Every structure is written in C-alpha cells, then in structure tokens.
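Structure file model_37.cif; described as mmCIF, C-alpha atoms, pLDDT in the B column; chains and numbers go by the auth columns.
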```
data_upload
loop_
_atom_site.group_PDB
_atom_site.id
_atom_site.type_symbol
_atom_site.label_atom_id
_atom_site.label_comp_id
_atom_site.label_asym_id
_atom_site.label_seq_id
_atom_site.Cartn_x
_atom_site.Cartn_y
_atom_site.Cartn_z
_atom_site.B_iso_or_equiv
_atom_site.auth_seq_id
_atom_site.auth_asym_id
ATOM 1 C CA MET A 1 -29.920 -11.472 -21.223 42.00 1 A
ATOM 2 C CA LEU A 2 -31.383 -9.682 -24.208 45.00 2 A
ATOM 3 C CA SER A 3 -33.975 -7.116 -23.338 44.00 3 A
ATOM 4 C CA SER A 4 -37.450 -7.539 -24.750 40.00 4 A
ATOM 5 C CA SER A 5 -36.777 -4.638 -27.172 42.00 5 A
ATOM 6 C CA VAL A 6 -34.117 -6.675 -28.999 43.00 6 A
ATOM 7 C CA ASN A 7 -35.226 -9.251 -31.579 41.00 7 A
ATOM 8 C CA LYS A 8 -33.319 -12.393 -30.594 48.00 8 A
ATOM 9 C CA SER A 9 -32.979 -13.797 -34.126 51.00 9 A
ATOM 10 C CA ASP A 10 -31.487 -10.754 -35.887 60.00 10 A
ATOM 11 C CA PRO A 11 -31.556 -7.545 -33.859 80.00 11 A
ATOM 12 C CA ASP A 12 -31.162 -4.288 -35.740 91.00 12 A
ATOM 13 C CA LEU A 13 -28.130 -2.131 -35.099 93.00 13 A
ATOM 14 C CA ASN A 14 -30.064 0.548 -33.176 92.00 14 A
ATOM 15 C CA SER A 15 -31.434 -2.071 -30.769 94.00 15 A
ATOM 16 C CA LEU A 16 -27.926 -3.409 -30.191 95.00 16 A
ATOM 17 C CA ILE A 17 -26.561 0.081 -29.558 95.00 17 A
ATOM 18 C CA LYS A 18 -29.342 0.794 -27.066 95.00 18 A
ATOM 19 C CA GLY A 19 -28.653 -2.513 -25.325 96.00 19 A
ATOM 20 C CA CYS A 20 -24.935 -1.699 -25.171 95.00 20 A
ATOM 21 C CA LEU A 21 -25.756 1.698 -23.677 95.00 21 A
ATOM 22 C CA ARG A 22 -27.614 -0.189 -20.923 95.00 22 A
ATOM 23 C CA GLY A 23 -24.550 -2.405 -20.447 94.00 23 A
ATOM 24 C CA GLU A 24 -26.244 -5.587 -21.679 96.00 24 A
ATOM 25 C CA ARG A 25 -23.526 -8.186 -22.319 96.00 25 A
ATOM 26 C CA ALA A 26 -25.649 -10.101 -24.847 96.00 26 A
ATOM 27 C CA CYS A 27 -26.002 -6.969 -26.982 96.00 27 A
ATOM 28 C CA GLN A 28 -22.277 -6.298 -26.704 96.00 28 A
ATOM 29 C CA LYS A 29 -21.543 -9.824 -27.903 97.00 29 A
ATOM 30 C CA LEU A 30 -23.977 -9.563 -30.818 97.00 30 A
ATOM 31 C CA LEU A 31 -22.533 -6.195 -31.823 97.00 31 A
ATOM 32 C CA TYR A 32 -19.005 -7.594 -31.581 97.00 32 A
ATOM 33 C CA ASP A 33 -19.968 -10.657 -33.645 97.00 33 A
ATOM 34 C CA ARG A 34 -21.543 -8.438 -36.297 97.00 34 A
ATOM 35 C CA LEU A 35 -18.658 -5.970 -36.681 97.00 35 A
ATOM 36 C CA ALA A 36 -15.546 -7.927 -35.701 97.00 36 A
ATOM 37 C CA PRO A 37 -14.921 -9.616 -39.083 96.00 37 A
ATOM 38 C CA LYS A 38 -14.862 -6.291 -40.976 95.00 38 A
ATOM 39 C CA MET A 39 -12.824 -4.582 -38.279 96.00 39 A
ATOM 40 C CA MET A 40 -10.363 -7.484 -38.194 96.00 40 A
ATOM 41 C CA VAL A 41 -9.566 -6.893 -41.872 94.00 41 A
ATOM 42 C CA LEU A 42 -8.860 -3.249 -41.030 94.00 42 A
ATOM 43 C CA CYS A 43 -6.719 -4.208 -38.008 95.00 43 A
ATOM 44 C CA LEU A 44 -4.745 -6.701 -40.093 94.00 44 A
ATOM 45 C CA ARG A 45 -3.812 -3.952 -42.550 93.00 45 A
ATOM 46 C CA TYR A 46 -2.382 -1.821 -39.742 93.00 46 A
ATOM 47 C CA SER A 47 -0.674 -4.678 -37.896 93.00 47 A
ATOM 48 C CA LYS A 48 2.448 -6.731 -38.471 90.00 48 A
ATOM 49 C CA ASN A 49 0.722 -10.065 -37.842 93.00 49 A
ATOM 50 C CA GLN A 50 -2.474 -11.805 -36.709 94.00 50 A
ATOM 51 C CA GLU A 51 -1.672 -11.554 -32.983 95.00 51 A
ATOM 52 C CA GLU A 52 -1.025 -7.826 -33.139 93.00 52 A
ATOM 53 C CA ALA A 53 -4.234 -7.341 -35.142 95.00 53 A
ATOM 54 C CA GLU A 54 -6.208 -9.288 -32.528 96.00 54 A
ATOM 55 C CA GLU A 55 -4.788 -7.042 -29.785 95.00 55 A
ATOM 56 C CA VAL A 56 -5.814 -3.927 -31.709 95.00 56 A
ATOM 57 C CA LEU A 57 -9.279 -5.391 -32.330 97.00 57 A
ATOM 58 C CA GLN A 58 -9.789 -6.188 -28.644 97.00 58 A
ATOM 59 C CA ASP A 59 -8.494 -2.778 -27.528 96.00 59 A
ATOM 60 C CA GLY A 60 -10.743 -1.162 -30.100 96.00 60 A
ATOM 61 C CA PHE A 61 -13.877 -2.938 -28.931 97.00 61 A
ATOM 62 C CA LEU A 62 -13.075 -2.110 -25.322 96.00 62 A
ATOM 63 C CA GLN A 63 -13.024 1.549 -26.388 95.00 63 A
ATOM 64 C CA VAL A 64 -16.234 1.146 -28.394 96.00 64 A
ATOM 65 C CA PHE A 65 -18.106 -0.219 -25.384 96.00 65 A
ATOM 66 C CA ARG A 66 -16.500 2.262 -23.015 95.00 66 A
ATOM 67 C CA PHE A 67 -17.408 5.294 -25.142 94.00 67 A
ATOM 68 C CA ILE A 68 -20.549 4.130 -26.932 95.00 68 A
ATOM 69 C CA ASP A 69 -22.444 6.935 -25.220 94.00 69 A
ATOM 70 C CA LYS A 70 -20.290 9.384 -27.228 93.00 70 A
ATOM 71 C CA TYR A 71 -21.685 8.118 -30.550 93.00 71 A
ATOM 72 C CA LYS A 72 -23.847 11.024 -31.777 89.00 72 A
ATOM 73 C CA ARG A 73 -25.871 9.030 -34.344 87.00 73 A
ATOM 74 C CA THR A 74 -25.080 11.628 -37.008 86.00 74 A
ATOM 75 C CA GLY A 75 -23.017 9.296 -39.186 87.00 75 A
ATOM 76 C CA SER A 76 -22.607 5.609 -39.710 92.00 76 A
ATOM 77 C CA PHE A 77 -21.989 3.604 -36.554 95.00 77 A
ATOM 78 C CA GLU A 78 -19.646 1.313 -38.474 94.00 78 A
ATOM 79 C CA GLY A 79 -17.660 4.377 -39.574 93.00 79 A
ATOM 80 C CA TRP A 80 -17.448 5.516 -35.944 95.00 80 A
ATOM 81 C CA VAL A 81 -16.178 2.068 -34.873 95.00 81 A
ATOM 82 C CA ARG A 82 -13.720 2.091 -37.791 94.00 82 A
ATOM 83 C CA LYS A 83 -12.211 5.384 -36.557 92.00 83 A
ATOM 84 C CA ILE A 84 -11.772 3.895 -33.099 94.00 84 A
ATOM 85 C CA MET A 85 -9.992 0.857 -34.556 95.00 85 A
ATOM 86 C CA ILE A 86 -7.667 3.072 -36.599 93.00 86 A
ATOM 87 C CA ASN A 87 -6.907 5.193 -33.531 91.00 87 A
ATOM 88 C CA CYS A 88 -6.126 2.058 -31.500 92.00 88 A
ATOM 89 C CA ALA A 89 -3.777 0.843 -34.255 92.00 89 A
ATOM 90 C CA LEU A 90 -2.077 4.241 -34.341 90.00 90 A
ATOM 91 C CA MET A 91 -1.719 4.307 -30.546 87.00 91 A
ATOM 92 C CA LYS A 92 -0.086 0.879 -30.625 84.00 92 A
ATOM 93 C CA TYR A 93 2.165 2.099 -33.408 77.00 93 A
ATOM 94 C CA ARG A 94 3.119 5.329 -31.635 73.00 94 A
ATOM 95 C CA GLY A 95 4.254 3.255 -28.676 67.00 95 A
ATOM 96 C CA LYS A 96 6.838 1.628 -30.924 56.00 96 A
ATOM 97 C CA SER A 97 8.462 4.974 -31.824 47.00 97 A
ATOM 98 C CA LEU A 98 9.105 3.893 -35.391 45.00 98 A
ATOM 99 C CA LEU A 99 7.780 6.922 -37.226 39.00 99 A
ATOM 100 C CA HIS A 100 11.022 7.940 -38.911 39.00 100 A
ATOM 101 C CA GLN A 101 11.916 7.151 -42.495 35.00 101 A
ATOM 102 C CA ILE A 102 13.375 3.655 -42.551 34.00 102 A
ATOM 103 C CA ILE A 103 15.193 3.486 -45.895 31.00 103 A
ATOM 104 C CA SER A 104 15.428 5.670 -48.918 33.00 104 A
ATOM 105 C CA LEU A 105 14.754 4.184 -52.313 32.00 105 A
ATOM 106 C CA THR A 106 15.987 5.959 -55.398 34.00 106 A
ATOM 107 C CA ASP A 107 14.061 6.573 -58.604 34.00 107 A
ATOM 108 C CA GLU A 108 15.686 3.517 -60.155 35.00 108 A
ATOM 109 C CA HIS A 109 13.177 1.397 -58.237 33.00 109 A
ATOM 110 C CA ASP A 110 10.274 2.301 -60.533 36.00 110 A
ATOM 111 C CA TYR A 111 8.898 -1.054 -61.637 33.00 111 A
ATOM 112 C CA PHE A 112 6.326 0.203 -64.162 38.00 112 A
ATOM 113 C CA ILE A 113 3.180 -1.131 -62.524 38.00 113 A
ATOM 114 C CA THR A 114 0.215 1.132 -61.866 46.00 114 A
ATOM 115 C CA GLU A 115 -1.644 1.138 -58.569 48.00 115 A
ATOM 116 C CA ASP A 116 -4.763 -0.196 -60.330 51.00 116 A
ATOM 117 C CA GLU A 117 -2.762 -3.114 -61.736 49.00 117 A
ATOM 118 C CA PHE A 118 -1.341 -3.697 -58.270 49.00 118 A
ATOM 119 C CA PHE A 119 -4.768 -4.090 -56.660 52.00 119 A
ATOM 120 C CA ASP A 120 -6.123 -6.098 -59.611 56.00 120 A
ATOM 121 C CA ARG A 121 -3.368 -8.710 -59.237 53.00 121 A
ATOM 122 C CA LEU A 122 -4.028 -9.433 -55.580 61.00 122 A
ATOM 123 C CA GLY A 123 -6.636 -11.137 -53.511 73.00 123 A
ATOM 124 C CA GLU A 124 -7.547 -9.649 -50.123 76.00 124 A
ATOM 125 C CA LYS A 125 -5.368 -12.034 -48.097 82.00 125 A
ATOM 126 C CA GLU A 126 -2.376 -11.568 -50.385 83.00 126 A
ATOM 127 C CA LEU A 127 -2.757 -7.766 -50.238 83.00 127 A
ATOM 128 C CA ILE A 128 -2.955 -7.769 -46.444 88.00 128 A
ATOM 129 C CA GLY A 129 0.080 -10.063 -46.280 89.00 129 A
ATOM 130 C CA LEU A 130 2.153 -7.695 -48.431 90.00 130 A
ATOM 131 C CA ILE A 131 1.030 -4.644 -46.478 91.00 131 A
ATOM 132 C CA GLN A 132 1.916 -6.392 -43.211 91.00 132 A
ATOM 133 C CA GLN A 133 5.468 -6.879 -44.483 92.00 133 A
ATOM 134 C CA LEU A 134 5.992 -3.142 -44.903 94.00 134 A
ATOM 135 C CA PRO A 135 8.020 -1.401 -42.168 93.00 135 A
ATOM 136 C CA HIS A 136 5.736 0.164 -39.539 90.00 136 A
ATOM 137 C CA ALA A 137 6.155 3.753 -40.719 92.00 137 A
ATOM 138 C CA TYR A 138 5.429 2.851 -44.328 94.00 138 A
ATOM 139 C CA ARG A 139 2.446 0.675 -43.387 94.00 139 A
ATOM 140 C CA MET A 140 0.808 3.446 -41.368 93.00 140 A
ATOM 141 C CA VAL A 141 1.228 6.109 -44.053 95.00 141 A
ATOM 142 C CA PHE A 142 0.183 3.726 -46.844 95.00 142 A
ATOM 143 C CA ASN A 143 -3.011 2.695 -45.028 93.00 143 A
ATOM 144 C CA LEU A 144 -3.961 6.235 -44.039 94.00 144 A
ATOM 145 C CA TYR A 145 -3.376 7.586 -47.542 94.00 145 A
ATOM 146 C CA VAL A 146 -4.631 4.746 -49.745 91.00 146 A
ATOM 147 C CA PHE A 147 -7.439 3.223 -47.689 89.00 147 A
ATOM 148 C CA GLU A 148 -8.569 6.088 -45.446 90.00 148 A
ATOM 149 C CA GLY A 149 -8.114 8.830 -48.047 92.00 149 A
ATOM 150 C CA LEU A 150 -6.211 11.229 -45.793 92.00 150 A
ATOM 151 C CA LYS A 151 -3.971 13.940 -47.257 95.00 151 A
ATOM 152 C CA HIS A 152 -0.273 14.104 -46.384 95.00 152 A
ATOM 153 C CA ARG A 153 -0.893 17.172 -44.213 96.00 153 A
ATOM 154 C CA GLU A 154 -3.454 15.218 -42.161 94.00 154 A
ATOM 155 C CA ILE A 155 -1.208 12.164 -41.915 93.00 155 A
ATOM 156 C CA ALA A 156 1.716 14.305 -40.779 93.00 156 A
ATOM 157 C CA LEU A 157 -0.374 15.850 -38.008 91.00 157 A
ATOM 158 C CA LEU A 158 -1.813 12.506 -36.968 90.00 158 A
ATOM 159 C CA LEU A 159 1.543 10.721 -36.810 91.00 159 A
ATOM 160 C CA GLY A 160 3.688 13.628 -35.634 90.00 160 A
ATOM 161 C CA ILE A 161 5.910 13.611 -38.728 93.00 161 A
ATOM 162 C CA THR A 162 6.589 16.113 -41.487 95.00 162 A
ATOM 163 C CA GLU A 163 4.569 16.230 -44.683 95.00 163 A
ATOM 164 C CA GLY A 164 7.741 15.388 -46.590 95.00 164 A
ATOM 165 C CA THR A 165 8.299 12.263 -44.504 95.00 165 A
ATOM 166 C CA SER A 166 4.711 11.213 -45.164 95.00 166 A
ATOM 167 C CA LYS A 167 5.187 11.643 -48.918 96.00 167 A
ATOM 168 C CA SER A 168 8.535 9.847 -48.837 96.00 168 A
ATOM 169 C CA ASN A 169 7.175 6.945 -46.786 95.00 169 A
ATOM 170 C CA LEU A 170 4.215 6.546 -49.169 96.00 170 A
ATOM 171 C CA SER A 171 6.499 6.590 -52.191 95.00 171 A
ATOM 172 C CA ASP A 172 8.841 4.048 -50.635 95.00 172 A
ATOM 173 C CA ALA A 173 5.930 1.823 -49.542 94.00 173 A
ATOM 174 C CA ARG A 174 4.580 1.825 -53.086 92.00 174 A
ATOM 175 C CA ALA A 175 8.031 0.997 -54.457 91.00 175 A
ATOM 176 C CA ILE A 176 8.392 -1.936 -52.052 92.00 176 A
ATOM 177 C CA LEU A 177 4.947 -3.251 -52.982 89.00 177 A
ATOM 178 C CA ARG A 178 5.646 -2.862 -56.713 86.00 178 A
ATOM 179 C CA LYS A 179 8.903 -4.748 -56.300 86.00 179 A
ATOM 180 C CA ALA A 180 7.098 -7.535 -54.428 84.00 180 A
ATOM 181 C CA LEU A 181 4.687 -7.901 -57.351 79.00 181 A
ATOM 182 C CA THR A 182 7.275 -7.784 -60.099 76.00 182 A
ATOM 183 C CA PRO A 183 8.529 -11.247 -61.006 67.00 183 A
ATOM 184 C CA PRO A 184 12.316 -11.571 -60.967 63.00 184 A
ATOM 185 C CA MET A 185 13.832 -11.140 -64.403 58.00 185 A
ATOM 186 C CA LYS A 186 15.669 -14.129 -65.789 58.00 186 A
ATOM 187 C CA VAL A 187 18.992 -13.464 -67.446 59.00 187 A
ATOM 188 C CA ALA A 188 19.565 -15.387 -70.655 59.00 188 A
ATOM 189 C CA LYS A 189 22.791 -17.384 -70.673 57.00 189 A
#
```
Whole structure given in structure tokens:
Amino acid sequence: MLSSSVNKSDPDLNSLIKGCLRGERACQKLLYDRLAPKMMVLCLRYSKNQEEAEEVLQDGFLQVFRFIDKYKRTGSFEGWVRKIMINCALMKYRGKSLLHQIISLTDEHDYFITEDEFFDRLGEKELIGLIQQLPHAYRMVFNLYVFEGLKHREIALLLGITEGTSKSNLSDARAILRKALTPPMKVAK
C-alpha cells in the first residue's frame, strides 16, 4: 500500500525512491512503470531480441531495487538506473564469451553514407532492429561508443578486450550498418 507521503495520482520520483527504500511494493511498481519503457529501449539496443531484452530489463530492475540504498542522489536517478541496465546487459554478454572480433571487413566496404545520414534514414524501431542484427561483440562496442559516449580505452577495459579490437569492432559494425542501409545496385542488361 502506498504510504501517506506518496501522492496516489502522480507521485514524484523522490517519494517513489523513499517508498522503495522502505520496501513498499506499490512504490516499486510505480517506479518500474515509470522507467521501464525508456529502459526497455536501452535493453533492446544491447540485446539480440525482445526476450533477451526483457530478461536484461528484469535483471536490471531487480538490481535497482536491491541496491537502491546505494543511490547517492548526486546525479540523475534515471542515469543511475541506466548504468545498472547497461551493466546487466554487459554481464549477460560476458557470459556468452563472444568478445573476440567476428569477421574482418576490408576498406572496400565503404558505402559512402555518413553517420548522420544513417540515423536520419531510420525510425527508432528500424534502428534497434538493425543494431540487434549485429554480432554480439559489434553490438556492445557500437552501443557503448555511439550511444553511451565511451572512448575505446574505456570500452576495452569494460569488455576485457584490446583498444584495437574495440576500434575494429566499431568500424566493422558501422560497415555492416551502412551496407544494410545501402540499396542493392541494379546492373543494367
């Protein structure tokens, strides 16, 4: 049951956090309902499919509620939850032991599309679908570099790979995505 300190119609985030700290299930549900849609988009980017993303989301929220007392209130709560979701996705990924370079694409795979054009051509669902089709190693590096803004040195440390592998995986991921967006050329007969 919601405590009297929580407005039942639209509780503020601080009230929900306090309720979660007291272990109030209603506050946990409201917090989950408020953040789950945004976090699901994040989980989908790191996952191969909807089911895997749902697993990461559930694991992530279990960690959020388990460690909510560790939130220091110095930054955004949503940012704190986002980091937990990313860590859960990375832990799931590490368990698959797929951090090595999958394939090597040569320079001939430059399809002359800029990253800005790439994002302009896609809707959110289409973008997530293409990212989900990337091999695990490429998907992790691409997400951490493009969406989280990490440097290759940070990605290498986080994933236990070399900086060179991180750079190579990002380059190959971009090449795969460019190729997916480039319409097949028709040969005149």
Closest of A:Leu62, A:Arg178, A:Asn169, A:Val141 to Leu157 in chain A - atom-to-atom distances counting only C-alpha atoms =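 Among A:Leu62, A:Arg178, A:Asn169, A:Val141, it is A:Val141 that comes nearest to Leu157 in chain A.
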Contact residues around Glu55 in chain A with only C-alpha atoms at 12 Å, ignoring same-chain residues under 2 positions, as a list in words |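 Near Glu55 in chain A, the qualifying residues are Met39, Met40, Cys43, Leu44, Tyr46, Ser47, Lys48, Asn49, Gln50, Glu51, Glu52, Ala53, Leu57, Gln58, Asp59, Gly60, Phe61, Leu62, Met85, Cys88, Ala89, Met91 and Lys92 of chain A.
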Point-to-point distance in Å for CA of Asn87 in chain A and CA of Leu144 in chain A =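 That distance, rounded to one decimal, is 11.0 Å.
As for CA of Lys167 in chain A and CA of His152 in chain A, they are spaced 6.5 Å apart.
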Go through A:Lys38, A:Gln132, A:Lys70, A:Phe77 and flag the residue nearest Leu16 in chain A, using all atoms listed in the file for the distances.
->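 Under the stated criterion, the closest residue is A:Phe77.
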Enter the distance from CA of Ile68 in chain A to CA of Lys151 in chain A, in Å, rounded to one decimal.
->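 So the two atoms, CA of Ile68 in chain A and CA of Lys151 in chain A, lie 28.0 Å apart.
Around Lys29 in chain A, within 12 Å and counting all atoms listed in the file, the residues found are Met1, Leu2, Pro11, Leu16, Ile17, Gly19, Cys20, Gly23, Glu24, Arg25, Asp33, Arg34, Leu35, Ala36, Phe61, Leu62 and Phe65 of chain A, once anything fewer than 4 positions away on its own chain is removed.
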